[in-house]
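Asks: A single structure is presented below for examination.
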Amino acid sequence: MSAPANDVQDYVGFDTITQQMERKFLKRGFNLNVILVGESGMGKSTLVIRKTTEIAPVTQMLEENGVRVKLTIVDTPGFGDQCNNEGCWVPVIKYIKDQHAAYLERELKPNRERIIVDTRVHACLYFLNPGSRGLRPLDVEVLKRLTEVTNVIPVIAKSDSMTIEERTAFKRHIKEELAFHRIMLFPYASDDDADDDRVLNASIRELIPFAVVGSEEVIEVEGKLIRGRRHGWGVINIFDETHSDFVHLRNFMLRTHLSDLIEVTSQRHYEQFRTSQLRQIKELRAQQAAAAASGGAPPAQPQVPLSVMQHQPMTQV
Amino acid sequence: MAPSAPSINSTMSSRMATPRPSSYRYKSEKRGMTYNIMLVGQSGLGRRTFLNTLCEREVISPPDAPNPETANVADPMRFDTYEVNLEEEGTRISLTVIDTPGFGDGLNNTDCFKQLQDYIEAQFDEVLVEESRIKRNRRYRDHRIHTLIYFITPTGHSLRELDIELIRRLGEYVNIIPVIGRADSLTVEELATFKQNVMRDIDYYKLPLYNFCWDESDSEALKENREIMDYTPFSVVTCDEVIDNEFGAVRVRRYPWGSIEVDDEGQCDFALLRYILLNSHIADLINFTEDVLYENYRTKKLEVGGFAEGEGGDEEDDDEEDEQVLSTSKKD
């Protein structure tokens, strides 16, 4: 989205952060790291508005009225595309934990940077299959694990082939299944939520999963230029709320909940990781000390904290 | 083809063309051509609505709402059989459709191919046994699969491992016709690109799809068949919703941005595919199955020593009913 700020359709609205935060973040800007998880062809690339079609590391600088957001998108090629998908989530979880680990390492340095480069994943967009009537076994397995390490936002991309009734029924089934399997999605409810936060979060939860239709194409319809997808029987306008939840998703991630995504990652997911890592290190040191004191053989090497990568490495999209 | 009493002045050939009501041929035509189609594809790609739209009636009713408790468990693949009597341009077809829900829906789907292969081979084996009987059943119902419609996910990119493996493993046992399910999720350009990519993969991996041009004897038909192959994989949009418009009842999918009629040849290939399956190519598909696929299987089986000819024994040996035309005969 490097279009000029006066292009009305591309205005996102993240310059509405409150005054107190403004000065702090204005200088620094935000780093928003998003990982896209889903099988190929589910529409991941349609949600990333970028100027080139080649697969290359994509970091976009978005700027509105002096507020800068450095948006980094990571794709997960090969996820869920095999005949046997057992364990296909391992590289994804590893990537997310690796970013926490990298941050922890920088944080622990005696001589650490004033502002630590933050590559931690702030949001994970999980792509659901529009054809299924609800969650598939793969979805349940992956979502359970993803929600333990990051903020997960489920989306149905390429929902072109769902009628409104099908979309409504699908969302209802998904919500029932998520609740039954106790899969916790962002935004999380908290006791100290203000009332209007509660209302806003409730309306977000209603929409989940976001049925989006995304597109890079600008199409002319009756003299007007819109961004959409052209079918033989009609044109989908991605900014039309009756066609797609795209606007809601974008507002949610880049405006109303932008700082929440970052804060929750830092205060909840990262802290959880950090605590468990430091405990492991502490236990290891205690074991080594005990072994040394008793003069016995040193304890067996501890398990590598991070799981071993078994699949292709993550690529930055 | 209504029977008519043969006139005294009719020629021999016309007497043969319009069968007498009591003739064997008329009775088998009344029953209809035996035609067996299998539908394979991951759930959500439209197999159920494809069948309903193909037969123009609700053969399979919509499933119940999914049970949240079992969302994390994949049902094992099963073979559901549906029998439908159709009449297409005067020809009666006794259609059997085998749906395979559960294919490709689990975490680990590597077993699906063997199950399908076993099923298809079992139908061949039945025929092999029946053929080899000393006393054969003239009412034998052939269950060999004449066509396998394989539903490809409309990713827009290329074939996935599941698709490649399926075609590779089963292409030598059954005529595979690939279709793109839920083709309405692709734009016009995406569909064209996807079809190209799929065919490029088919060529690259040398995947054995049904070759419409297998019979090279008729040059007119060959030309037509080459044109048909250009449509592969066939884009399919189907549904249960029927509305009445000025042309009668039509199946339509309605979106906020427009509606698509499944029969509209400009929007998808369903109408063409239906015509191929139930009219123009039904004989070709059956013949290729019987004359080539089955024969290859039989040769392989007999050469390997699966069983020798004549081992089938007598029909009377089994407990099945045996309607005899001739007077009861004894085993020799």
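Chain labels run A, B, ... following the order of the structure tokens; each chain numbers its residues from 1, and ligands are numbered from 1 in the order shown.
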Counting only C-alpha atoms, give me one row per residue of chain A with an atom at most 9 Å from an atom of chain B, showing the shortest contact pair and its distance in Å to one decimal, sorted by chain then residue number, as CSV.
Replies:
```
residue,atom,partner,partner_atom,distance
A:Glu39,CA,B:Thr155,CA,8.8
A:Ser40,CA,B:Thr155,CA,6.6
A:Gly41,CA,B:Thr155,CA,3.7
A:Met42,CA,B:Thr155,CA,6.4
A:Gly43,CA,B:Thr155,CA,8.1
A:Gly80,CA,B:Leu107,CA,8.8
A:Asp81,CA,B:Arg160,CA,6.5
A:Gln82,CA,B:Glu161,CA,5.6
A:Cys83,CA,B:Asn109,CA,5.2
A:Asn84,CA,B:Asn108,CA,4.0
A:Asn85,CA,B:Leu107,CA,5.2
A:Glu86,CA,B:Leu107,CA,5.7
A:Asn129,CA,B:Gly44,CA,8.4
A:Pro130,CA,B:Gly44,CA,7.6
A:Gly131,CA,B:Gly44,CA,3.9
A:Ser132,CA,B:Gly44,CA,4.6
A:Arg133,CA,B:Pro66,CA,7.0
A:Gly134,CA,B:Pro66,CA,7.0
A:Leu135,CA,B:Ala71,CA,5.8
A:Arg136,CA,B:Ala71,CA,5.9
A:Pro137,CA,B:Asn72,CA,4.0
A:Leu138,CA,B:Leu107,CA,5.8
A:Asp139,CA,B:Asn72,CA,7.8
A:Val140,CA,B:Asn72,CA,5.5
A:Glu141,CA,B:Asn72,CA,7.2
A:Lys158,CA,B:Ser185,CA,6.5
A:Ser159,CA,B:Ser185,CA,7.1
A:Asp160,CA,B:Ser185,CA,4.9
A:Ser161,CA,B:Ser185,CA,4.7
A:Met162,CA,B:Tyr255,CA,7.7
A:Thr163,CA,B:Tyr255,CA,5.4
A:Ile164,CA,B:Tyr255,CA,6.9
A:Ala169,CA,B:Ala65,CA,9.0
A:His173,CA,B:Pro66,CA,7.2
A:Ile174,CA,B:Pro68,CA,8.4
A:Glu176,CA,B:Pro68,CA,6.3
A:Glu177,CA,B:Pro68,CA,4.6
A:Leu178,CA,B:Pro68,CA,8.2
A:Ala179,CA,B:Pro68,CA,8.7
A:Phe180,CA,B:Pro68,CA,6.4
A:His181,CA,B:Glu69,CA,7.7
A:Arg229,CA,B:Thr187,CA,6.6
A:Arg230,CA,B:Thr187,CA,5.8
A:His231,CA,B:Thr187,CA,4.9
A:Gly232,CA,B:Gln267,CA,6.3
A:Trp233,CA,B:Gly258,CA,5.3
A:Gly234,CA,B:Gly258,CA,4.8
A:Val235,CA,B:Trp257,CA,6.0
A:Ile236,CA,B:Trp257,CA,6.0
A:Asn237,CA,B:Trp257,CA,8.4
A:Thr242,CA,B:Pro256,CA,7.0
A:His243,CA,B:Pro256,CA,6.4
```
Asks: Looking only at strand (DSSP E or B) from DSSP on the backbone, list the matching residues of stretch 57-225 of chain A as a ChimeraX atom specification.
Replies: /A:58-64,67-75,84,123-127,152-156,210-211,218-221,224-225
Asks: Contacts of stretch 281-286 of chain B at 12 Å or less, counting only C-alpha atoms, minus same-chain residues fewer than 4 places along, as a ChimeraX atom specification?
Replies: /B:33-37,88,91-95,142-148,174-177,210-216,221,224-225,228,272-277,290-294
Asks: Deliver the residues from the most recent selection as a file, using N, CA and C atoms, as a short mmCIF file (atom, residue, chain, number, x, y, z; two decimals), in the first residue's frame.
Replies:
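What ended up in selection_23.cif:
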```
data_model
loop_
_atom_site.label_atom_id
_atom_site.label_comp_id
_atom_site.auth_asym_id
_atom_site.auth_seq_id
_atom_site.Cartn_x
_atom_site.Cartn_y
_atom_site.Cartn_z
N MET B 33 -28.96 -49.24 -20.04
CA MET B 33 -27.53 -49.52 -20.12
C MET B 33 -26.95 -49.49 -18.72
N THR B 34 -26.16 -50.47 -18.42
CA THR B 34 -25.49 -50.47 -17.12
C THR B 34 -24.32 -49.51 -17.18
N TYR B 35 -24.31 -48.54 -16.29
CA TYR B 35 -23.28 -47.51 -16.33
C TYR B 35 -22.90 -47.15 -14.90
N ASN B 36 -21.61 -47.27 -14.59
CA ASN B 36 -21.16 -47.05 -13.21
C ASN B 36 -20.14 -45.93 -13.16
N ILE B 37 -20.45 -44.93 -12.35
CA ILE B 37 -19.55 -43.78 -12.21
C ILE B 37 -19.12 -43.67 -10.76
N GLU B 88 -31.85 -40.54 -21.42
CA GLU B 88 -31.17 -39.47 -22.14
C GLU B 88 -31.36 -39.67 -23.62
N THR B 91 -32.42 -43.03 -24.71
CA THR B 91 -31.69 -44.19 -24.20
C THR B 91 -31.87 -44.28 -22.69
N ARG B 92 -32.23 -45.46 -22.25
CA ARG B 92 -32.35 -45.63 -20.80
C ARG B 92 -31.00 -46.02 -20.23
N ILE B 93 -30.69 -45.39 -19.13
CA ILE B 93 -29.43 -45.69 -18.47
C ILE B 93 -29.73 -46.11 -17.04
N SER B 94 -29.17 -47.25 -16.70
CA SER B 94 -29.30 -47.71 -15.32
C SER B 94 -27.99 -47.31 -14.63
N LEU B 95 -28.03 -46.12 -14.04
CA LEU B 95 -26.80 -45.52 -13.52
C LEU B 95 -26.57 -45.88 -12.07
N ASP B 142 -23.07 -55.98 -14.03
CA ASP B 142 -21.68 -55.57 -14.09
C ASP B 142 -21.43 -54.34 -13.22
N HIS B 143 -20.50 -54.46 -12.27
CA HIS B 143 -20.23 -53.33 -11.39
C HIS B 143 -18.91 -52.64 -11.69
N ARG B 144 -18.30 -52.96 -12.83
CA ARG B 144 -17.03 -52.32 -13.13
C ARG B 144 -17.24 -50.81 -13.28
N ILE B 145 -16.28 -50.05 -12.78
CA ILE B 145 -16.39 -48.59 -12.83
C ILE B 145 -16.01 -48.12 -14.23
N HIS B 146 -16.93 -47.46 -14.90
CA HIS B 146 -16.67 -47.01 -16.26
C HIS B 146 -16.03 -45.63 -16.32
N THR B 147 -16.30 -44.83 -15.30
CA THR B 147 -15.72 -43.48 -15.27
C THR B 147 -15.45 -43.08 -13.83
N LEU B 148 -14.32 -42.44 -13.60
CA LEU B 148 -14.04 -41.88 -12.28
C LEU B 148 -13.92 -40.37 -12.46
N VAL B 174 -9.06 -47.39 -14.38
CA VAL B 174 -10.35 -46.74 -14.61
C VAL B 174 -10.15 -45.47 -15.44
N ASN B 175 -11.17 -45.09 -16.20
CA ASN B 175 -11.13 -43.86 -16.98
C ASN B 175 -11.27 -42.68 -16.03
N ILE B 176 -10.23 -41.86 -15.93
CA ILE B 176 -10.30 -40.72 -15.01
C ILE B 176 -10.55 -39.44 -15.80
N ILE B 177 -11.63 -38.74 -15.41
CA ILE B 177 -11.93 -37.44 -16.00
C ILE B 177 -11.80 -36.40 -14.90
N TYR B 210 -8.11 -40.24 -18.84
CA TYR B 210 -8.85 -40.86 -19.94
C TYR B 210 -8.54 -40.10 -21.21
N ASN B 211 -8.15 -40.84 -22.21
CA ASN B 211 -7.81 -40.21 -23.48
C ASN B 211 -9.03 -40.27 -24.39
N PHE B 212 -9.67 -39.14 -24.59
CA PHE B 212 -10.87 -39.11 -25.43
C PHE B 212 -10.57 -39.57 -26.85
N CYS B 213 -9.32 -39.44 -27.24
CA CYS B 213 -8.94 -39.75 -28.62
C CYS B 213 -8.41 -41.17 -28.78
N TRP B 214 -8.82 -42.09 -27.94
CA TRP B 214 -8.24 -43.43 -28.01
C TRP B 214 -8.64 -44.17 -29.26
N ASP B 215 -9.83 -43.84 -29.77
CA ASP B 215 -10.30 -44.54 -30.97
C ASP B 215 -9.99 -43.68 -32.18
N GLU B 216 -8.96 -44.09 -32.92
CA GLU B 216 -8.54 -43.21 -34.00
C GLU B 216 -9.20 -43.57 -35.32
N ALA B 221 -14.93 -37.94 -35.49
CA ALA B 221 -15.04 -38.00 -34.03
C ALA B 221 -13.73 -37.58 -33.39
N GLU B 224 -13.48 -33.90 -33.08
CA GLU B 224 -14.35 -33.43 -32.01
C GLU B 224 -13.73 -33.74 -30.65
N ASN B 225 -13.16 -34.94 -30.56
CA ASN B 225 -12.57 -35.34 -29.28
C ASN B 225 -11.37 -34.50 -28.91
N ILE B 228 -12.69 -31.50 -27.38
CA ILE B 228 -13.17 -31.76 -26.02
C ILE B 228 -12.01 -31.79 -25.03
N LEU B 272 -21.48 -29.26 -20.80
CA LEU B 272 -20.69 -30.05 -21.75
C LEU B 272 -20.31 -31.41 -21.14
N LEU B 273 -19.88 -31.37 -19.91
CA LEU B 273 -19.46 -32.60 -19.25
C LEU B 273 -20.62 -33.58 -19.12
N ARG B 274 -21.77 -33.05 -18.77
CA ARG B 274 -22.95 -33.91 -18.62
C ARG B 274 -23.29 -34.59 -19.94
N TYR B 275 -23.20 -33.82 -21.01
CA TYR B 275 -23.51 -34.38 -22.32
C TYR B 275 -22.52 -35.49 -22.68
N ILE B 276 -21.26 -35.24 -22.38
CA ILE B 276 -20.22 -36.23 -22.65
C ILE B 276 -20.47 -37.50 -21.85
N LEU B 277 -20.76 -37.31 -20.57
CA LEU B 277 -20.89 -38.45 -19.67
C LEU B 277 -22.11 -39.31 -19.98
N GLU B 290 -14.25 -51.97 -20.85
CA GLU B 290 -14.40 -53.41 -21.07
C GLU B 290 -13.30 -53.96 -21.97
N ASP B 291 -13.03 -53.24 -23.07
CA ASP B 291 -12.12 -53.80 -24.07
C ASP B 291 -10.65 -53.58 -23.77
N VAL B 292 -10.34 -52.57 -23.01
CA VAL B 292 -8.93 -52.28 -22.79
C VAL B 292 -8.55 -52.43 -21.33
N LEU B 293 -9.17 -51.62 -20.46
CA LEU B 293 -8.76 -51.64 -19.05
C LEU B 293 -8.98 -53.00 -18.42
N TYR B 294 -10.17 -53.54 -18.64
CA TYR B 294 -10.46 -54.84 -18.04
C TYR B 294 -9.58 -55.92 -18.65
#
```
Asks: Could you tell me which of A:His122, A:Arg227, A:His269, A:Arg106 comes closest to A:Val74 if we count only C-alpha atoms?
Replies: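 Looking only at the distances to A:Val74, the closest residue turns out to be A:His122.
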Asks: As a PyMOL selection string, which residues of stretch 47-164 of chain B does DSSP assign to alpha helix (DSSP H)?
Replies: chain B and resi 47-55+112-132+161-164
Asks: Using only C-alpha atoms, find the one residue out of A:Ala291, A:Val37, A:Leu108, A:Val218 that sits nearest to A:Val142.
Replies: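 Once distances to A:Val142 are computed over only C-alpha atoms, the minimum belongs to A:Val37.
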